[in-house]
file work-v1.cif (mmCIF, C-alpha atoms)
data_entry
#
loop_
_atom_site.label_atom_id
_atom_site.label_comp_id
_atom_site.auth_asym_id
_atom_site.auth_seq_id
_atom_site.Cartn_x
_atom_site.Cartn_y
_atom_site.Cartn_z
CA MET A 13 0.00 0.00 0.00
CA ALA A 14 0.99 3.64 -0.26
CA ASN A 15 2.83 5.41 2.56
CA CYS A 16 -0.29 6.80 4.22
CA PHE A 17 -1.46 3.22 4.86
CA ALA A 18 1.88 1.97 6.12
CA THR A 19 0.87 2.18 9.76
CA ARG A 20 -2.50 0.52 9.23
CA THR A 21 -3.14 -3.19 9.35
CA PHE A 22 -5.73 -4.43 6.88
CA THR A 23 -7.30 -7.86 6.85
CA THR A 24 -7.21 -9.37 3.38
CA LEU A 25 -10.40 -10.79 1.94
CA SER A 26 -8.75 -14.20 1.60
CA ASP A 27 -8.32 -14.33 5.40
CA LEU A 28 -11.93 -13.54 6.30
CA GLN A 29 -13.69 -15.97 8.64
CA PRO A 30 -17.20 -15.77 10.12
CA ASN A 31 -17.52 -13.81 13.37
CA MET A 32 -14.15 -12.05 13.08
CA ALA A 33 -14.29 -8.63 14.78
CA ASN A 34 -12.56 -5.24 14.81
CA LEU A 35 -11.45 -5.50 11.20
CA LYS A 36 -10.20 -2.97 8.70
CA ILE A 37 -10.63 -3.97 5.06
CA ILE A 38 -9.51 -2.08 1.99
CA GLY A 39 -10.72 -2.79 -1.53
CA VAL A 40 -11.90 -1.33 -4.81
CA VAL A 41 -15.65 -1.27 -5.51
CA ILE A 42 -16.35 -3.35 -8.62
CA GLY A 43 -20.16 -3.53 -8.41
CA LYS A 44 -23.02 -1.76 -6.65
CA THR A 45 -26.82 -1.90 -6.52
CA ASP A 46 -29.43 0.82 -6.06
CA VAL A 47 -30.99 1.64 -2.70
CA LYS A 48 -34.25 -0.23 -2.17
CA GLY A 49 -36.94 0.08 0.49
CA PHE A 50 -38.95 -2.75 2.04
CA PRO A 51 -41.83 -2.79 4.55
CA ASP A 52 -40.49 -3.11 8.09
CA ARG A 53 -42.15 -6.15 9.66
CA LYS A 54 -41.31 -4.94 13.17
CA ASN A 55 -42.71 -1.45 12.61
CA ILE A 56 -45.88 -1.66 10.53
CA GLY A 57 -46.25 1.29 8.18
CA SER A 58 -42.53 2.10 8.01
CA GLU A 59 -39.78 0.92 5.67
CA ARG A 60 -36.23 -0.39 5.99
CA TYR A 61 -33.70 0.41 3.31
CA THR A 62 -30.78 -1.53 1.91
CA PHE A 63 -28.15 -1.62 -0.80
CA SER A 64 -25.19 -3.85 -1.56
CA PHE A 65 -21.82 -3.64 -3.26
CA THR A 66 -18.88 -5.84 -4.16
CA ILE A 67 -15.26 -5.08 -3.22
CA ARG A 68 -12.01 -6.63 -4.39
CA ASP A 69 -8.48 -6.58 -2.99
CA SER A 70 -6.70 -9.05 -5.28
CA PRO A 71 -7.24 -10.76 -8.64
CA ALA A 72 -8.61 -13.88 -6.96
CA HIS A 73 -10.64 -12.44 -4.07
CA PHE A 74 -13.78 -10.30 -3.89
CA VAL A 75 -16.79 -10.30 -1.55
CA ASN A 76 -20.27 -8.83 -1.31
CA ALA A 77 -21.18 -6.28 1.34
CA ALA A 78 -24.65 -5.13 2.36
CA SER A 79 -26.07 -2.51 4.66
CA TRP A 80 -29.54 -2.14 6.20
CA GLY A 81 -30.97 0.85 8.04
CA ASN A 82 -33.19 3.91 7.90
CA GLU A 83 -33.63 5.84 4.67
CA GLY A 84 -31.34 8.73 5.58
CA TYR A 85 -28.39 6.56 6.61
CA ILE A 86 -28.61 4.13 3.70
CA LYS A 87 -29.00 6.81 1.02
CA SER A 88 -26.18 8.88 2.49
CA LEU A 89 -23.87 5.86 2.62
CA SER A 90 -24.76 4.79 -0.91
CA ASP A 91 -24.18 8.29 -2.29
CA SER A 92 -20.73 8.49 -0.68
CA PHE A 93 -19.02 6.18 -3.20
CA ARG A 94 -19.35 4.75 -6.70
CA VAL A 95 -18.04 1.84 -8.74
CA GLY A 96 -14.31 2.33 -9.23
CA ASP A 97 -13.72 3.98 -5.83
CA CYS A 98 -11.32 2.50 -3.29
CA VAL A 99 -12.87 2.23 0.20
CA ILE A 100 -11.79 1.33 3.72
CA ILE A 101 -14.41 -0.57 5.71
CA GLU A 102 -14.06 -0.63 9.49
CA ASN A 103 -15.85 -2.98 11.90
CA PRO A 104 -18.04 -4.91 9.46
CA LEU A 105 -19.87 -7.98 10.69
CA ILE A 106 -18.51 -11.10 8.97
CA GLN A 107 -21.15 -13.75 8.24
CA ARG A 108 -21.15 -17.04 6.40
CA LYS A 109 -22.73 -16.75 2.98
CA GLU A 110 -25.78 -18.80 2.05
CA ILE A 111 -24.56 -19.53 -1.45
CA GLU A 112 -27.67 -20.99 -3.08
CA ARG A 113 -30.04 -18.32 -1.80
CA GLU A 114 -27.85 -15.23 -1.93
CA GLU A 115 -26.07 -15.78 -5.24
CA LYS A 116 -29.42 -16.03 -6.97
CA PHE A 117 -29.62 -12.24 -6.76
CA SER A 118 -26.05 -11.17 -5.92
CA PRO A 119 -22.76 -11.54 -7.80
CA ALA A 120 -21.11 -14.92 -7.33
CA THR A 121 -17.93 -14.57 -5.25
CA PRO A 122 -15.10 -16.97 -4.38
CA SER A 123 -15.42 -16.18 -0.67
CA ASN A 124 -17.67 -18.14 1.68
CA CYS A 125 -18.25 -14.94 3.67
CA LYS A 126 -20.14 -11.69 3.28
CA LEU A 127 -19.93 -8.32 5.01
CA LEU A 128 -22.77 -6.60 6.86
CA LEU A 129 -22.48 -2.90 7.70
CA SER A 130 -24.44 -1.29 10.52
CA GLU A 131 -24.98 2.38 11.23
CA ASN A 132 -23.84 2.15 14.86
CA HIS A 133 -20.67 0.11 14.43
CA SER A 134 -19.39 0.21 10.85
CA THR A 135 -17.83 2.96 8.76
CA VAL A 136 -16.94 3.30 5.09
CA LYS A 137 -14.32 5.81 3.98
CA VAL A 138 -13.45 6.63 0.37
CA CYS A 139 -9.71 6.81 -0.33
CA SER A 140 -8.15 9.29 -2.71
CA SER A 141 -6.67 7.64 -5.77
CA TYR A 142 -3.37 9.33 -4.86
CA GLU A 143 -3.29 7.41 -1.57
CA VAL A 144 -3.85 3.97 -3.00
CA ASP A 145 -1.43 1.47 -4.49
CA THR A 146 -1.90 1.40 -8.26
CA LYS A 147 -2.06 -2.40 -8.11
CA LEU A 148 -5.29 -2.12 -6.15
CA LEU A 149 -6.82 0.41 -8.52
CA SER A 150 -5.89 -1.74 -11.53
CA LEU A 151 -8.26 -4.45 -10.29
CA ILE A 152 -11.18 -2.43 -11.67
CA HIS A 153 -10.02 -3.47 -15.16
CA LEU A 154 -9.90 -7.19 -14.38
CA PRO A 155 -13.08 -9.20 -15.13
CA VAL A 156 -14.42 -11.41 -12.34
CA LYS A 157 -14.76 -14.29 -14.82
CA GLU A 158 -12.13 -15.97 -16.97
CA SER A 159 -11.23 -13.67 -19.87
CA HIS A 160 -12.19 -16.33 -22.44
CA ASP A 161 -15.48 -17.25 -20.72
CA TYR A 162 -17.94 -15.22 -22.77
CA TYR A 163 -20.32 -15.30 -25.72
CA SER A 164 -19.75 -13.15 -28.77
CA LEU A 165 -22.79 -11.20 -29.91
CA GLY A 166 -22.91 -13.37 -33.03
CA ASP A 167 -23.07 -16.47 -30.81
CA ILE A 168 -26.03 -15.00 -28.93
CA VAL A 169 -27.94 -14.16 -32.11
CA ALA A 170 -27.12 -17.56 -33.65
CA ASN A 171 -28.32 -19.47 -30.57
CA GLY A 172 -31.46 -17.37 -30.42
CA HIS A 173 -34.28 -18.83 -28.33
CA SER A 174 -32.03 -21.45 -26.72
CA LEU A 175 -30.40 -18.67 -24.66
CA ASN A 176 -33.69 -17.05 -23.65
CA GLY A 177 -33.59 -16.43 -19.90
CA ARG A 178 -29.97 -17.56 -19.55
CA ILE A 179 -27.38 -15.61 -17.54
CA ILE A 180 -24.07 -15.42 -19.41
CA ASN A 181 -20.96 -13.29 -19.90
CA VAL A 182 -20.46 -10.91 -22.83
CA LEU A 183 -17.44 -9.10 -24.24
CA ALA A 184 -18.37 -6.25 -26.57
CA ALA A 185 -17.62 -2.70 -27.65
CA VAL A 186 -19.91 0.23 -26.88
CA LYS A 187 -21.59 1.61 -29.99
CA SER A 188 -23.91 4.18 -28.39
CA VAL A 189 -25.27 5.11 -24.97
CA GLY A 190 -28.84 6.38 -24.84
CA GLU A 191 -30.18 9.14 -22.65
CA PRO A 192 -31.64 7.88 -19.34
CA LYS A 193 -35.44 7.80 -19.28
CA TYR A 194 -37.27 8.30 -16.02
CA PHE A 195 -40.73 7.04 -15.08
CA THR A 196 -43.04 6.33 -12.13
CA THR A 197 -44.37 2.82 -11.52
CA SER A 198 -47.96 1.95 -10.66
CA ASP A 199 -47.03 1.85 -6.97
CA ARG A 200 -45.52 5.35 -7.27
CA ARG A 201 -41.90 4.27 -7.16
CA LYS A 202 -39.42 6.13 -9.31
CA GLY A 203 -37.71 4.15 -12.05
CA GLN A 204 -35.26 4.67 -14.88
CA ARG A 205 -33.89 2.88 -17.91
CA CYS A 206 -31.10 3.39 -20.40
CA GLU A 207 -30.35 1.45 -23.57
CA VAL A 208 -26.77 0.80 -24.61
CA ARG A 209 -25.95 -0.43 -28.10
CA LEU A 210 -23.09 -2.94 -28.30
CA TYR A 211 -21.15 -4.37 -31.25
CA ASP A 212 -18.20 -6.64 -32.02
CA GLU A 213 -16.58 -8.39 -34.98
CA THR A 214 -19.67 -10.59 -35.39
CA GLU A 215 -22.63 -8.22 -34.93
CA SER A 216 -23.06 -4.55 -35.81
CA SER A 217 -25.68 -3.68 -33.18
CA PHE A 218 -27.02 -5.39 -30.05
CA ALA A 219 -29.17 -3.86 -27.31
CA MET A 220 -28.33 -3.99 -23.59
CA THR A 221 -30.76 -2.35 -21.14
CA CYS A 222 -29.82 -0.89 -17.75
CA TRP A 223 -32.65 -0.48 -15.24
CA ASP A 224 -30.72 0.63 -12.15
CA ASN A 225 -29.16 4.01 -11.51
CA GLU A 226 -25.71 2.60 -10.72
CA SER A 227 -25.24 0.87 -14.07
CA ILE A 228 -26.74 3.88 -15.87
CA LEU A 229 -24.21 6.20 -14.21
CA LEU A 230 -21.43 3.83 -15.23
CA ALA A 231 -22.74 3.67 -18.81
CA GLN A 232 -22.78 7.46 -19.10
CA SER A 233 -18.98 7.43 -18.68
CA TRP A 234 -18.42 5.16 -21.69
CA MET A 235 -17.12 6.65 -24.93
CA PRO A 236 -18.94 5.15 -27.93
CA ARG A 237 -16.66 3.32 -30.38
CA GLU A 238 -13.75 3.70 -27.93
CA THR A 239 -14.85 1.59 -24.95
CA VAL A 240 -14.82 -2.19 -24.51
CA ILE A 241 -16.76 -3.84 -21.66
CA PHE A 242 -16.82 -7.31 -20.14
CA VAL A 243 -20.30 -7.93 -18.71
CA SER A 244 -20.36 -10.76 -16.18
CA ASP A 245 -23.71 -12.45 -15.47
CA VAL A 246 -26.01 -10.49 -17.76
CA ARG A 247 -29.47 -11.87 -18.56
CA ILE A 248 -30.20 -12.71 -22.19
CA SER A 249 -33.79 -12.73 -23.43
CA PHE A 250 -35.80 -12.69 -26.63
CA ASP A 251 -37.60 -9.40 -27.23
CA LYS A 252 -40.88 -10.29 -28.91
CA PHE A 253 -41.59 -6.68 -29.86
CA ARG A 254 -38.29 -6.27 -31.71
CA ASN A 255 -38.06 -9.91 -32.69
CA CYS A 256 -34.43 -10.12 -31.57
CA MET A 257 -32.19 -11.09 -28.66
CA THR A 258 -31.33 -8.47 -26.02
CA ALA A 259 -29.32 -8.26 -22.79
CA THR A 260 -30.43 -6.88 -19.41
CA VAL A 261 -28.20 -5.76 -16.54
CA ILE A 262 -29.41 -7.40 -13.29
CA SER A 263 -28.37 -7.36 -9.62
CA LYS A 264 -25.87 -10.17 -10.27
CA THR A 265 -24.16 -8.30 -13.07
CA ILE A 266 -20.66 -6.87 -12.73
CA ILE A 267 -19.41 -4.73 -15.62
CA THR A 268 -15.69 -4.29 -16.22
CA THR A 269 -14.83 -1.23 -18.29
CA ASN A 270 -11.87 -1.50 -20.67
CA PRO A 271 -10.75 -4.90 -19.36
CA GLU A 272 -7.04 -5.60 -19.55
CA THR A 273 -7.19 -9.01 -21.22
CA PRO A 274 -5.85 -10.37 -24.52
CA GLU A 275 -9.37 -10.88 -25.86
CA ALA A 276 -10.39 -7.32 -25.00
CA ASN A 277 -7.26 -5.93 -26.65
CA ILE A 278 -8.09 -7.78 -29.87
CA LEU A 279 -11.58 -6.27 -29.85
CA LEU A 280 -10.18 -2.82 -29.05
CA ASN A 281 -7.88 -3.03 -32.06
CA PHE A 282 -10.86 -4.05 -34.20
CA ILE A 283 -12.97 -1.04 -33.21
CA ARG A 284 -10.03 1.34 -33.72
CA GLU A 285 -9.35 -0.03 -37.18
CA ASN A 286 -13.03 0.22 -38.11
CA LYS A 287 -13.83 3.48 -36.35
CA THR A 288 -14.27 5.41 -39.59
CA ASN A 289 -16.42 2.67 -41.10
CA VAL A 290 -19.64 3.91 -39.50
CA LEU A 291 -23.06 2.90 -40.70
CA ASP A 292 -25.46 5.20 -42.49
CA ASP A 293 -26.97 7.94 -40.34
CA GLU A 294 -30.39 6.41 -40.89
CA ILE A 295 -29.33 3.30 -38.98
CA GLU A 296 -27.74 5.31 -36.22
CA SER A 297 -30.72 7.62 -35.77
CA TYR A 298 -33.18 4.72 -35.73
CA PHE A 299 -31.60 2.94 -32.79
CA LYS A 300 -30.35 6.00 -30.92
CA GLU A 301 -32.26 6.49 -27.67
CA SER A 302 -34.45 9.61 -27.78
CA ILE A 303 -33.14 12.55 -25.80
CA ASN A 304 -34.65 13.62 -22.49
CA LEU A 305 -37.69 15.50 -23.78
CA SER A 306 -38.06 17.49 -20.56
CA THR A 307 -34.85 19.35 -21.44
CA ILE A 308 -36.30 20.67 -24.73
CA VAL A 309 -37.69 24.18 -24.11
CA ASP A 310 -37.01 26.24 -27.25
CA ILE A 311 -40.14 26.96 -29.30
CA TYR A 312 -39.98 27.49 -33.08
CA THR A 313 -42.26 28.34 -35.94
CA VAL A 314 -41.90 26.73 -39.36
CA GLU A 315 -40.50 30.00 -40.70
CA GLN A 316 -37.87 30.12 -37.97
CA LEU A 317 -36.84 26.54 -38.68
CA LYS A 318 -36.33 27.28 -42.35
CA GLY A 319 -34.30 30.35 -41.43
CA LYS A 320 -32.26 28.27 -39.01
CA ALA A 321 -31.52 25.77 -41.79
CA LEU A 322 -30.21 28.54 -44.07
CA LYS A 323 -28.15 30.09 -41.30
CA ASN A 324 -26.54 26.77 -40.36
CA GLU A 325 -26.04 25.51 -43.90
CA GLY A 326 -23.19 23.02 -44.07
CA LYS A 327 -23.39 22.06 -40.41
CA ALA A 328 -24.64 18.62 -39.40
CA ASP A 329 -25.12 19.12 -35.66
CA PRO A 330 -28.71 18.46 -34.54
CA SER A 331 -30.75 20.95 -32.58
CA TYR A 332 -33.98 20.38 -30.69
CA GLY A 333 -37.16 22.32 -30.17
CA ILE A 334 -40.94 22.39 -29.85
CA LEU A 335 -43.21 23.12 -32.79
CA TYR A 336 -46.89 23.97 -32.38
CA ALA A 337 -48.43 22.82 -35.66
CA TYR A 338 -50.93 20.48 -37.22
CA ILE A 339 -50.33 17.52 -39.49
CA SER A 340 -51.40 18.86 -42.86
CA THR A 341 -50.46 15.76 -44.86
CA LEU A 342 -50.61 12.18 -43.62
CA ASN A 343 -50.67 10.03 -46.72
CA ILE A 344 -51.58 6.48 -45.73
CA ASP A 345 -53.19 5.65 -49.07
CA ASP A 346 -49.93 4.70 -50.78
CA GLU A 347 -48.84 1.10 -51.10
CA THR A 348 -48.52 -0.60 -47.72
CA THR A 349 -44.77 -1.04 -48.14
CA LYS A 350 -44.36 2.74 -48.08
CA VAL A 351 -46.01 3.06 -44.69
CA VAL A 352 -44.93 -0.15 -42.96
CA ARG A 353 -41.50 -1.53 -43.77
CA ASN A 354 -39.30 -4.39 -42.68
CA ARG A 355 -36.18 -3.50 -40.75
CA CYS A 356 -33.24 -5.71 -39.87
CA SER A 357 -33.46 -6.82 -36.23
CA THR A 358 -29.68 -6.56 -35.94
CA CYS A 359 -28.79 -3.14 -37.36
CA GLY A 360 -32.18 -1.47 -37.90
CA TYR A 361 -31.65 -0.74 -41.60
CA ILE A 362 -34.64 -0.97 -43.97
CA VAL A 363 -34.21 -4.26 -45.80
CA ASN A 364 -34.43 -4.75 -49.54
CA GLU A 365 -38.11 -5.15 -50.43
CA ALA A 366 -37.47 -7.60 -53.24
CA SER A 367 -35.14 -10.00 -51.43
CA ASN A 368 -36.20 -9.15 -47.87
CA MET A 369 -32.48 -9.19 -47.02
CA CYS A 370 -30.37 -6.65 -45.13
CA THR A 371 -27.59 -5.34 -47.35
CA ILE A 372 -25.61 -4.21 -44.32
CA CYS A 373 -25.55 -7.40 -42.23
CA ASN A 374 -26.09 -10.10 -44.86
CA LYS A 375 -22.80 -9.96 -46.70
CA ASN A 376 -23.24 -13.72 -47.05
CA SER A 377 -26.59 -14.50 -48.65
CA LEU A 378 -26.83 -17.65 -46.53
CA ASP A 379 -26.45 -15.65 -43.32
CA PHE A 380 -30.09 -14.57 -42.97
CA LYS A 381 -31.03 -12.03 -40.30
CA SER A 382 -34.56 -11.76 -38.93
CA VAL A 383 -36.67 -8.68 -39.67
CA PHE A 384 -39.48 -6.81 -37.95
CA LEU A 385 -42.20 -4.40 -39.08
CA SER A 386 -41.80 -0.71 -38.45
CA PHE A 387 -43.82 2.37 -39.33
CA ASP A 388 -41.94 4.52 -41.81
CA MET A 389 -43.82 7.44 -43.33
CA LEU A 390 -43.50 11.09 -44.31
CA ILE A 391 -45.81 13.82 -43.04
CA ASP A 392 -46.21 17.59 -43.56
CA LEU A 393 -46.34 19.91 -40.52
CA THR A 394 -48.02 23.30 -40.92
CA ASP A 395 -48.40 26.38 -38.73
CA HIS A 396 -49.36 30.02 -39.44
CA THR A 397 -45.94 30.75 -40.99
CA GLY A 398 -45.59 27.90 -43.45
CA THR A 399 -45.23 24.16 -44.00
CA LEU A 400 -42.45 21.65 -43.39
CA HIS A 401 -42.67 18.96 -46.03
CA SER A 402 -41.60 15.31 -45.79
CA CYS A 403 -40.97 15.09 -42.07
CA SER A 404 -39.97 11.63 -40.91
CA LEU A 405 -42.48 9.85 -38.67
CA THR A 406 -41.32 6.42 -37.47
CA GLY A 407 -42.31 4.18 -34.57
CA SER A 408 -44.77 5.10 -31.85
CA VAL A 409 -44.86 8.83 -31.06
CA ALA A 410 -48.50 9.40 -30.12
CA GLU A 411 -48.07 9.36 -26.33
CA GLU A 412 -45.12 11.73 -25.90
CA THR A 413 -44.74 15.49 -25.68
CA LEU A 414 -44.40 17.13 -29.08
CA GLY A 415 -40.71 17.53 -29.98
CA CYS A 416 -38.66 17.67 -33.20
CA THR A 417 -35.07 16.94 -34.14
CA PHE A 418 -33.76 19.44 -36.68
CA VAL A 419 -30.87 17.80 -38.52
CA LEU A 420 -29.32 19.25 -41.64
CA SER A 421 -29.20 16.58 -44.30
CA HIS A 422 -27.56 16.72 -47.71
CA LYS A 423 -30.03 14.06 -48.82
CA ALA A 424 -33.03 16.31 -48.28
CA ARG A 425 -33.85 18.69 -51.09
CA SER A 426 -34.12 21.67 -48.74
CA GLY A 427 -31.08 20.68 -46.68
CA LEU A 428 -33.34 20.30 -43.66
CA LYS A 429 -34.24 16.90 -42.25
CA ILE A 430 -37.05 16.80 -39.72
CA SER A 431 -37.64 13.82 -37.44
CA VAL A 432 -40.60 13.74 -35.04
CA LEU A 433 -39.46 12.56 -31.62
CA SER A 434 -42.92 12.65 -30.02
CA CYS A 435 -46.37 13.96 -30.79
CA LYS A 436 -49.52 14.65 -28.79
CA LEU A 437 -52.43 17.06 -28.74
CA ALA A 438 -51.33 20.51 -27.60
CA ASP A 439 -53.15 22.39 -24.88
CA PRO A 440 -55.15 25.07 -26.78
CA THR A 441 -54.35 27.82 -24.26
CA GLU A 442 -50.65 26.97 -24.23
CA ALA A 443 -50.48 26.78 -28.01
CA SER A 444 -52.34 30.07 -28.43
CA ARG A 445 -50.08 31.81 -25.92
CA ASN A 446 -46.88 30.66 -27.64
CA LEU A 447 -48.06 31.24 -31.18
CA SER A 448 -49.56 34.68 -30.53
CA GLY A 449 -46.17 35.98 -29.43
CA GLN A 450 -44.47 34.83 -32.60
CA ILE A 451 -46.82 36.01 -35.34
CA HIS A 452 -45.05 38.39 -37.67
CA VAL A 453 -47.05 41.47 -38.61
#

call {"tool": "encode", "arguments": {"input": "work-v1.cif", "output": "structure tokens"}}
result
Amino acid sequence: MANCFATRTFTTLSDLQPNMANLKIIGVVIGKTDVKGFPDRKNIGSERYTFSFTIRDSPAHFVNAASWGNEGYIKSLSDSFRVGDCVIIENPLIQRKEIEREEKFSPATPSNCKLLLSENHSTVKVCSSYEVDTKLLSLIHLPVKESHDYYSLGDIVANGHSLNGRIINVLAAVKSVGEPKYFTTSDRRKGQRCEVRLYDETESSFAMTCWDNESILLAQSWMPRETVIFVSDVRISFDKFRNCMTATVISKTIITTNPETPEANILLNFIRENKTNVLDDEIESYFKESINLSTIVDIYTVEQLKGKALKNEGKADPSYGILYAYISTLNIDDETTKVVRNRCSTCGYIVNEASNMCTICNKNSLDFKSVFLSFDMLIDLTDHTGTLHSCSLTGSVAEETLGCTFVLSHKARSGLKISVLSCKLADPTEASRNLSGQIHV
């Protein structure tokens, strides 16, 4: 350890035994769950709170720790550190682990013990990275499973339904990280989700969903097309809506960012060599998670949007705003294939209508990828200042707040590409108030 720890005596995780007392343990946090509340059986009407995390002090040894208590204590303790931090735990209670019951929901560990932290006796202190031996910090880049023990994304897609419900390991590169979406459950609990798109040498796009705040925070630190992750114990399932396989981060999952393994280095070299070989913007925009609509506040008229397009000619950066308008053209009388199209379940590209094959993924005609139906139509949006023609309307947008993505596109005749992010009936008073202030006399 570094000099500041020279006078301290730490118990290594390999030496832990049940009922040991007065211990000091140092380790790097490699996994962490969200705070959860449960009804307190001893005090009807109140709740107890808990969260757990996993610490590691050597390549071969890591253990789970959990803490129970009142809401204030548990939330404060949880907020004091994150995955990747080095912590010193003093006076934890050492208990024997009930492997079959506990590892059903917690990461599997080589230790037969677990740590319990109490408000009255235990403390957790975060160490500065400058104080800690670099060998300890480097453990964050070492997967908890054997480096070769994983499925490629192509293996998962090829095995299809046979892996449905299975918990496996995955090594993949990060293609994109979606914006977190927040919601309230039927029992009034707050929830969130974030979709991450993965890829490797075998598959161009594969969805992994994070439902807990800890994994979402970790995902937000990943650089698309530059980050490789090893995901230990992720659940694989078949998404009936998308007609494809997906991955879900669960309480057992431990994610290692930029793992230092030979296999990860090979994948890292692959993504660097193919970094400029990006797919068409249509594919990217289709699978990209919609932005947080609550952050969109700028209001535009059609005339202002056209002026914005002329002013920013040659730039491809998207901008976002709200448009109060009505759908002046919704042509659903064309051939069905122009309104509902097949998309590749792997990359999202519209497949060839004649062959029903994806020209992006199916380089080998025998390597057939499944497809799914998707709305794909063009609409006109009109307000008192003019009309935006051929705006893209795809997927389900009827239940969201009205919002538009304004992306300059060289493919569009006007240089302006409009994509509807969400659409709903506007409040008449609100619409009148906003429009009345923008009418040009």

call {"tool": "residues_around", "arguments": {"input": "work-v1.cif", "residues": "A:Leu210", "least_positions_apart": "5", "cutoff": "7 Å", "atoms": "all atoms listed in the file", "output": "list in words"}}
result
Ala184, Ala185, Val186, Lys187, Ser217, Phe218 and Ala219 of chain A

call {"tool": "closest_residue", "arguments": {"input": "work-v1.cif", "among": "A:Thr214, A:Ser159, A:Gln29, A:Thr24", "to": "A:Ser70", "atoms": "only C-alpha atoms"}}
result
A:Thr24

call {"tool": "resolve_selection", "arguments": {"input": "work-v1.cif", "expression": "the PyMOL selection byres ((chain A and resi 160) around 10)", "output": "list in words"}}
result
Lys157, Glu158, Ser159, Asp161, Tyr162, Tyr163, Asn181, Val182, Leu183, Thr273, Pro274, Glu275 and Ala276 of chain A

call {"tool": "residues_around", "arguments": {"input": "work-v1.cif", "residues": "A:Lys116", "least_positions_apart": "4", "cutoff": "10 Å", "atoms": "only C-alpha atoms", "output": "PDB file with C-alpha atoms, in the frame of the given file"}}
result
ATOM      1  CA  ILE A 111     -24.560 -19.530  -1.450  1.00  0.00           C
ATOM      2  CA  GLU A 112     -27.670 -20.990  -3.080  1.00  0.00           C
ATOM      3  CA  ALA A 120     -21.110 -14.920  -7.330  1.00  0.00           C
ATOM      4  CA  SER A 263     -28.370  -7.360  -9.620  1.00  0.00           C
ATOM      5  CA  LYS A 264     -25.870 -10.170 -10.270  1.00  0.00           C
TER       6      LYS A 264
END

call {"tool": "resolve_selection", "arguments": {"input": "work-v1.cif", "expression": "the PyMOL selection byres ((chain A and resi 25) around 12)", "output": "NGL selection string"}}
result
:A and (22-24 or 26-30 or 32 or 35-40 or 66-77 or 101 or 106 or 121-127)

call {"tool": "resolve_selection", "arguments": {"input": "work-v1.cif", "expression": "the PyMOL selection byres ((chain A and resi 229-236) around 8)", "output": "MDAnalysis selection string"}}
result
chainID A and resid 95 185:189 208 225:228 237:239

call {"tool": "write_last_selection", "arguments": {"input": "work-v1.cif", "atoms": "C-alpha atoms", "output": "PDB file, keeping the file's coordinate frame"}}
result
ATOM      1  CA  VAL A  95     -18.040   1.840  -8.740  1.00  0.00           C
ATOM      2  CA  ALA A 185     -17.620  -2.700 -27.650  1.00  0.00           C
ATOM      3  CA  VAL A 186     -19.910   0.230 -26.880  1.00  0.00           C
ATOM      4  CA  LYS A 187     -21.590   1.610 -29.990  1.00  0.00           C
ATOM      5  CA  SER A 188     -23.910   4.180 -28.390  1.00  0.00           C
ATOM      6  CA  VAL A 189     -25.270   5.110 -24.970  1.00  0.00           C
ATOM      7  CA  VAL A 208     -26.770   0.800 -24.610  1.00  0.00           C
ATOM      8  CA  ASN A 225     -29.160   4.010 -11.510  1.00  0.00           C
ATOM      9  CA  GLU A 226     -25.710   2.600 -10.720  1.00  0.00           C
ATOM     10  CA  SER A 227     -25.240   0.870 -14.070  1.00  0.00           C
ATOM     11  CA  ILE A 228     -26.740   3.880 -15.870  1.00  0.00           C
ATOM     12  CA  ARG A 237     -16.660   3.320 -30.380  1.00  0.00           C
ATOM     13  CA  GLU A 238     -13.750   3.700 -27.930  1.00  0.00           C
ATOM     14  CA  THR A 239     -14.850   1.590 -24.950  1.00  0.00           C
TER      15      THR A 239
END

call {"tool": "residues_near_point", "arguments": {"input": "work-v1.cif", "point": "(-26.4, -6.7, -18.2)", "cutoff": "6 Å", "atoms": "all atoms listed in the file", "output": "CSV table (one decimal) with C-alpha atoms, in the frame of the given file"}}
result
chain,number,residue,atom,x,y,z
A,246,VAL,CA,-26.0,-10.5,-17.8
A,259,ALA,CA,-29.3,-8.3,-22.8
A,260,THR,CA,-30.4,-6.9,-19.4
A,261,VAL,CA,-28.2,-5.8,-16.5
A,262,ILE,CA,-29.4,-7.4,-13.3
A,265,THR,CA,-24.2,-8.3,-13.1

call {"tool": "axis_aligned_box", "arguments": {"input": "work-v1.cif", "around": "stretch 207-221 of chain A", "padding_each_side": "8 Å", "output": "JSON"}}
result
{"center_x": -23.7, "center_y": -4.6, "center_z": -28.5, "size_x": 30.2, "size_y": 28.0, "size_z": 30.7}

call {"tool": "atom_distance", "arguments": {"input": "work-v1.cif", "atom1": "atom CA of A:Trp80", "atom2": "atom CA of A:Ser198"}}
result
25.3 Å

call {"tool": "atom_distance", "arguments": {"input": "work-v1.cif", "atom1": "atom CA of A:Arg178", "atom2": "atom CA of A:Ser79"}}
result
28.8 Å

call {"tool": "residues_around", "arguments": {"input": "work-v1.cif", "residues": "A:Arg201", "least_positions_apart": "5", "cutoff": "12 Å", "atoms": "all atoms listed in the file", "output": "JSON, numbers by chain"}}
result
{"A": [48, 49, 50, 194, 195, 196]}

call {"tool": "residues_around", "arguments": {"input": "work-v1.cif", "residues": "stretch 146-155 of chain A", "least_positions_apart": "4", "cutoff": "6 Å", "atoms": "all atoms listed in the file", "output": "PyMOL selection string"}}
result
chain A and resi 268+271-272

call {"tool": "residues_around", "arguments": {"input": "work-v1.cif", "residues": "A:Ser141", "least_positions_apart": "2", "cutoff": "8 Å", "atoms": "all atoms listed in the file", "output": "PyMOL selection string"}}
result
chain A and resi 97-98+139+143-144+149
